[in-house]
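Each remark here refers to the structure printed beneath this line.
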Amino acid sequence: MSPSKTQAESFKALVAGLREALREPEQFTLSYAAESSAFVRFNHARVRQSGQVQQASIGLKLINEGRHADLHITLAGDPEVDLQRLSEGLQQLRETLPLLPQDPYLLLNYNGWQSKNLQEHPLPDTEQVVAEIAQAAEGLDLVGFYAAGPISRGFASSAGAFGWHQANSFNFDFSLFHENGQAVKASYAGHDWSSEGFARRFRQAREQLEFLGRPLRTLAPGQYRAYLAPAALEEIMSMLSWGGFSAQSIASKSSPLQKLYGGDQAFSPLVSLDEKVSGSLSPAFSDEGYPRSDLKLIVEGKAGAQLVGSRSAAEYGLTANGASGGESPNALNMKGGSLPEAEILKQLGTGLYISNLWYLNYSDQPAARLTGMTRFATFWVENGEIQAPVSTMRFDDSAFSLLGSQLEALTQEREMLLSASTYSQRATASALLPGALVSRLTLTL
Amino acid sequence: MFDFHPQLKQRFAALRTGAEFFSLRYVRESGQYLSVRKNVAEPPSLSRDEGAMLTVRVNGVEAYAATNDLSQQGLQAALERAEQQARRLKPHALLDLSEQAVSTARADYFSPNLDQPFPSLSDCYQLLGAESAAVPKDERLVNWQVSIGITHVEQIYLNSAGAELRQAQRFVYPGLDVTAYDGNDSQTRSLGRENFGQQGGADVISRCGLIGAGPTVADQALQLLLAPNTPQGPRDLLLMPDQMMLQIHESIGHPLELDRILGDERNYAGTSFVKAEDFGRLQYGSKLLNVTFDPDIPEQLASYGHDDDGSAASKQFLIREGLLLRPLGGALSQFRAGLEGVANSRACGWNRPPIDRMANLNIEPGDQPLAQLIGNIEHGILMSTNRSWSIDDARNKFQFGCEWGQLIENGELKGVVKNPNYRAISAQFWKSLSAVGDASTFKVLGTPNCGKGEPNQVIRVGHASPACVFSHVDVFGGDA
């Protein structure tokens, strides 16, 4: 039996055990997350630290007469031990519920939906991958991180819903450093490791590295034309996603996009942004037990749908649309524009080519005013020609300016960016984004 | 407490390997997060987590395997996976650790007041409900939340050299925030939350000042809503401890992490403007700057007896009278760099390996009470409570923002200003430190949210600081 089938069977056994233990009128939801990961960390093109992590956990919600509580339990992988842990967890929640008041914002999904997504593409052998990376990086200062393995997510409810998602994936996120301290960032990620595909991606990064050897240009604070590559734009979108589209944040006036949703501000009509679950790497159901639907978050610069979790739906009279508890998007899809990739430098003319931004935060959140740093491969361009790498600079500007009045064009081509995040577990988030040409970016330090 | 210890010892003793050294780090963690938002109790979020990491050293190469299967077979299988990985990746290894010393320490460590029971879930909800209800009725107050997070952690470290280290800790995170909105702008004022956490029991809630804080915090949110924006231009900057902790964290802590200086973090968290040759030579700040790694303040978040590699922790000056002396580097980084460091090799849980982390990083008190700090400022601003942070990957150019600002003119506190931000460069900023508050201004704070490492880890760190004054800093406000 394949590991994924084993895990699916283990989860089903837990669900069956839970159904049996349930006492009328109790109800439950049960989520499941597991992964087996190979982690290899590189510094100076050699292996700095390597290991493997095997983990599995469930999230149990018990509901009884309008009261509910959640318990997250790490599983052991042994069916008997896991059933015992589930049973003890159920008991803990039974003892907890009478201590709580009824929750006016409890909203359950009584739909017995079914969802299954299984992808078992074989992953490469870690030793072989490390050998390919070491060979490609010979003579270079490579630093990076390789993460690979199967990820499983499951969901079941006493209403009969059942979802299962399993996918094998790898993500090699790396940087190549020039001896002057400048660096280029790249990644090679997906389901199907191809030696040729990796070599091609590595060659592209290596070619950019050559530009970084030119004498460094230091810019004075001021306003500059700039091209933001998809990875740089992703940093801005990630910041805006931090509560930006959340129904609760919008209602409680803590969303950076509250002026957009209030109709007081708008982005350029070039900006259309979807949460596009279909075809993404993330599960088609939320950890709350709602099927996730595709949503148009920004339509030609104007506010569209909000991300609505069940609690917000109950509190604000909205319809739950499969948002996670945090109401953040994780399958962003931005419409491309008319600027061909080959024309980027020519259209930029004189200004900054920014490959990556980093460490963004708000200078004034209600005004969507952001600050952050350039990082990795930022170039000074004159008359459509790359002149020199630029030393690290800070920007401070409003998202309504960068993606509004100052947005000149979006690229035709878009890049699929897979999250390399591994906080607690390997992320399944992705973003399909174009690059953005802006006529004014304010640098402050 | 330590219920699993006898069984774990037995299983560890029965493990078989060809490795020259191996260790086991077992972690059991339970948590509860309780909150009341706008007078409605949110469902409690509870957790139970348990697992172990096996680390081996084979021919000088180390590798790890973390497992949720704590049976004899599960631990043995993890050990074998780690051993196999170490053998297979040896040709590509960066480090030869054959000569690195290993821990043989045996000790226990406990949080203060661990033997005193924490208030029951009902009592906690009663307290949270009372504080939520104490927020005044005002239609401009659109959101508020009161919360308590509690985490219990038991860790047992065993290794083949005979080390046996046990620690049991309880961490408490009280918090309150209130948002005011006037139809255009919104302002949030908070207490605790990401800016306050300590080890202990119910005493932590009292020390945080949560009880009875609702009306004051709400009033300050409304004051901010009515306040003008922070004016732009250079001013002397008085930072209160709940902003100093962020300032220390980002522009002293991270740049002094030795693994960053050695280049490990260049692909993710970044590098450092500090070089290995700077220790003992670089004047990091003014003569008033004294920075310590201090694991000995019992209630501080990252106080412990030994780090997660088994090194004994003790108080050390990293910067004395402004001179940079010692990095934040654990035993492995010290071995690699040939520098004396501190015991700060730490992991966020059983499924992540230890790396150099900040632990408790503090500024030692000076000799001026708050009134004197304010009295000596002609044209300045007081800033309190961090709300925004951004710094470059070498930890040099930064911009930070606070919730609360108050102008200072001719030695007196004046009006409240909103959106107080400031920006500067670490390498110059600490040299502008012109006054350090005395022990009466000193506060023990900390945050559970420091992110770093590949794979990513988020870990708790402690920062204690007096209020401090910096000369001639570029400050500015927001758009609204």
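Residue names in the structure tokens use chain letters A, B, ... in the order shown, residue numbers from 1 in each chain, and ligand numbers from 1 in the order shown.
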Interface, chain B side, toward chain A (6 Å; only C-alpha atoms) as a compact mmCIF listing (two decimals) with C-alpha atoms, in the first residue's frame:
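part-v1.txt, freshly written:
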# COMPACT_ATOMS: atom_id res chain seq x y z
CA PRO B 43 -14.03 29.14 21.18
CA PRO B 44 -10.89 28.06 23.03
CA SER B 45 -8.05 26.77 20.91
CA LEU B 46 -6.24 23.93 22.70
CA SER B 47 -3.24 21.87 21.62
CA ARG B 48 -1.18 18.82 22.55
CA ASP B 49 2.06 18.15 20.72
CA ALA B 63 22.18 14.73 10.29
CA TYR B 64 18.82 14.67 12.05
CA ALA B 65 15.50 12.83 11.83
CA ALA B 66 12.43 14.04 13.68
CA THR B 67 9.56 11.69 14.38
CA ASN B 68 6.09 11.68 15.90
CA ASP B 69 6.46 7.92 16.52
CA HIS B 92 29.02 17.13 0.04
CA ALA B 93 29.25 18.14 3.72
CA LEU B 94 30.36 21.67 4.58
CA SER B 122 -13.70 29.43 33.65
CA VAL B 142 -15.22 49.41 16.46
CA ASN B 143 -13.20 46.46 17.67
CA ASP B 264 23.99 30.23 6.74
CA ASN B 267 19.17 32.81 1.36
CA SER B 388 5.65 48.14 12.35
CA SER B 390 11.29 46.65 8.53
CA ASP B 392 17.44 45.34 5.41
CA PRO B 455 13.32 24.98 7.59
CA ASN B 456 11.55 27.98 9.09
CA GLN B 457 11.23 28.29 12.85
CA GLY B 478 1.58 58.79 8.06
Next on the checklist: Can you pull out the residues contacting Arg201 in chain A? Cut-off 8 Å, using only C-alpha atoms, and skip same-chain residues under 2 positions away; I want them as a PyMOL selection string.
Outcome noted: chain A and resi 186-188+197-199+203-205
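In this model, the gap between CA of Glu132 in chain A and CA of Ser333 in chain B comes to 27.5 Å.
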Next on the checklist: Residues near Glu415 in chain A, anyone? I mean within 12 Å using only C-alpha atoms, not counting same-chain ones fewer than 2 positions away, as a ChimeraX atom specification.
Outcome noted: /A:187,229-234,332-336,341,411-413,417-418,430-435
Residue subset to file, keeping N, CA and C atoms, as a compact mmCIF listing (two decimals), in the first residue's frame:
# COMPACT_ATOMS: atom_id res chain seq x y z
N SER A 187 14.48 29.95 -7.80
CA SER A 187 13.96 28.72 -7.22
C SER A 187 13.60 27.75 -8.34
N ALA A 229 9.71 42.98 -10.77
CA ALA A 229 9.56 41.62 -11.31
C ALA A 229 8.48 40.89 -10.51
N PRO A 230 7.94 39.78 -11.03
CA PRO A 230 6.85 39.07 -10.31
C PRO A 230 7.19 38.76 -8.85
N ALA A 231 8.44 38.36 -8.57
CA ALA A 231 8.79 38.02 -7.17
C ALA A 231 8.74 39.26 -6.29
N ALA A 232 9.07 40.43 -6.85
CA ALA A 232 8.98 41.68 -6.07
C ALA A 232 7.52 42.05 -5.84
N LEU A 233 6.72 41.90 -6.88
CA LEU A 233 5.28 42.20 -6.75
C LEU A 233 4.63 41.25 -5.74
N GLU A 234 5.12 40.03 -5.69
CA GLU A 234 4.55 39.06 -4.74
C GLU A 234 4.71 39.55 -3.30
N LEU A 332 -3.25 33.17 -5.18
CA LEU A 332 -3.48 34.43 -5.90
C LEU A 332 -3.18 34.27 -7.39
N ASN A 333 -4.00 34.93 -8.18
CA ASN A 333 -3.85 34.85 -9.63
C ASN A 333 -4.17 36.24 -10.18
N MET A 334 -3.14 36.94 -10.68
CA MET A 334 -3.33 38.31 -11.15
C MET A 334 -3.31 38.31 -12.67
N LYS A 335 -4.22 39.06 -13.24
CA LYS A 335 -4.33 39.11 -14.69
C LYS A 335 -3.07 39.77 -15.28
N GLY A 336 -2.58 39.21 -16.38
CA GLY A 336 -1.43 39.80 -17.06
C GLY A 336 -1.84 41.04 -17.83
N GLU A 341 7.59 40.65 -22.19
CA GLU A 341 8.79 40.54 -21.35
C GLU A 341 10.02 41.12 -22.06
N THR A 411 3.14 43.00 -17.23
CA THR A 411 3.70 42.17 -18.30
C THR A 411 2.66 41.16 -18.80
N GLN A 412 2.83 40.79 -20.08
CA GLN A 412 1.97 39.74 -20.65
C GLN A 412 2.23 38.42 -19.95
N GLU A 413 3.54 38.13 -19.76
CA GLU A 413 3.93 36.86 -19.18
C GLU A 413 3.76 36.91 -17.66
N LEU A 417 4.77 31.40 -8.74
CA LEU A 417 5.67 31.42 -7.59
C LEU A 417 5.11 30.50 -6.51
N LEU A 418 5.84 29.44 -6.19
CA LEU A 418 5.39 28.49 -5.17
C LEU A 418 6.03 28.84 -3.83
N SER A 430 0.50 29.48 -3.45
CA SER A 430 1.15 29.85 -4.70
C SER A 430 0.61 31.19 -5.17
N ALA A 431 1.33 31.81 -6.10
CA ALA A 431 0.86 33.07 -6.69
C ALA A 431 1.29 33.10 -8.15
N LEU A 432 0.35 33.40 -9.02
CA LEU A 432 0.64 33.55 -10.45
C LEU A 432 0.53 35.04 -10.76
N LEU A 433 1.69 35.67 -11.00
CA LEU A 433 1.73 37.13 -11.09
C LEU A 433 2.53 37.61 -12.29
N PRO A 434 2.14 38.78 -12.85
CA PRO A 434 2.97 39.43 -13.86
C PRO A 434 4.00 40.33 -13.17
N GLY A 435 4.85 40.99 -13.96
CA GLY A 435 5.70 42.06 -13.46
C GLY A 435 4.97 43.38 -13.64
Checklist entry - When you draw a straight line from CA of Gly477 in chain B to CA of Pro420 in chain B, how long is it in Å? => result 5.2 Å
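Going from CA of Ala52 in chain B over to CA of Leu8 in chain B, you cover 10.1 Å.
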Next on the checklist: Considering only strand (DSSP E or B) as DSSP defines it on the backbone, what residues of range 80-164 of chain B qualify? List them as a list in words.
Outcome noted: Ala93, Arg106, Ala107, Asp108, Tyr109, Phe110, Leu141, Val142, Asn143, Trp144, Gln145, Val146, Ser147, Ile148, Gly149, Ile150, Thr151, His152, Val153, Glu154, Gln155, Ile156, Tyr157, Leu158, Asn159 and Glu164 of chain B
Next on the checklist: At a cut-off of 10 Å, using only C-alpha atoms, what residues contact range 226-235 of chain B? Leave out same-chain residues fewer than 4 positions from it and give the result as a PyMOL selection string.
Outcome noted: chain B and resi 182+185+187+220-222+377-382+404-408+415-422+470-480
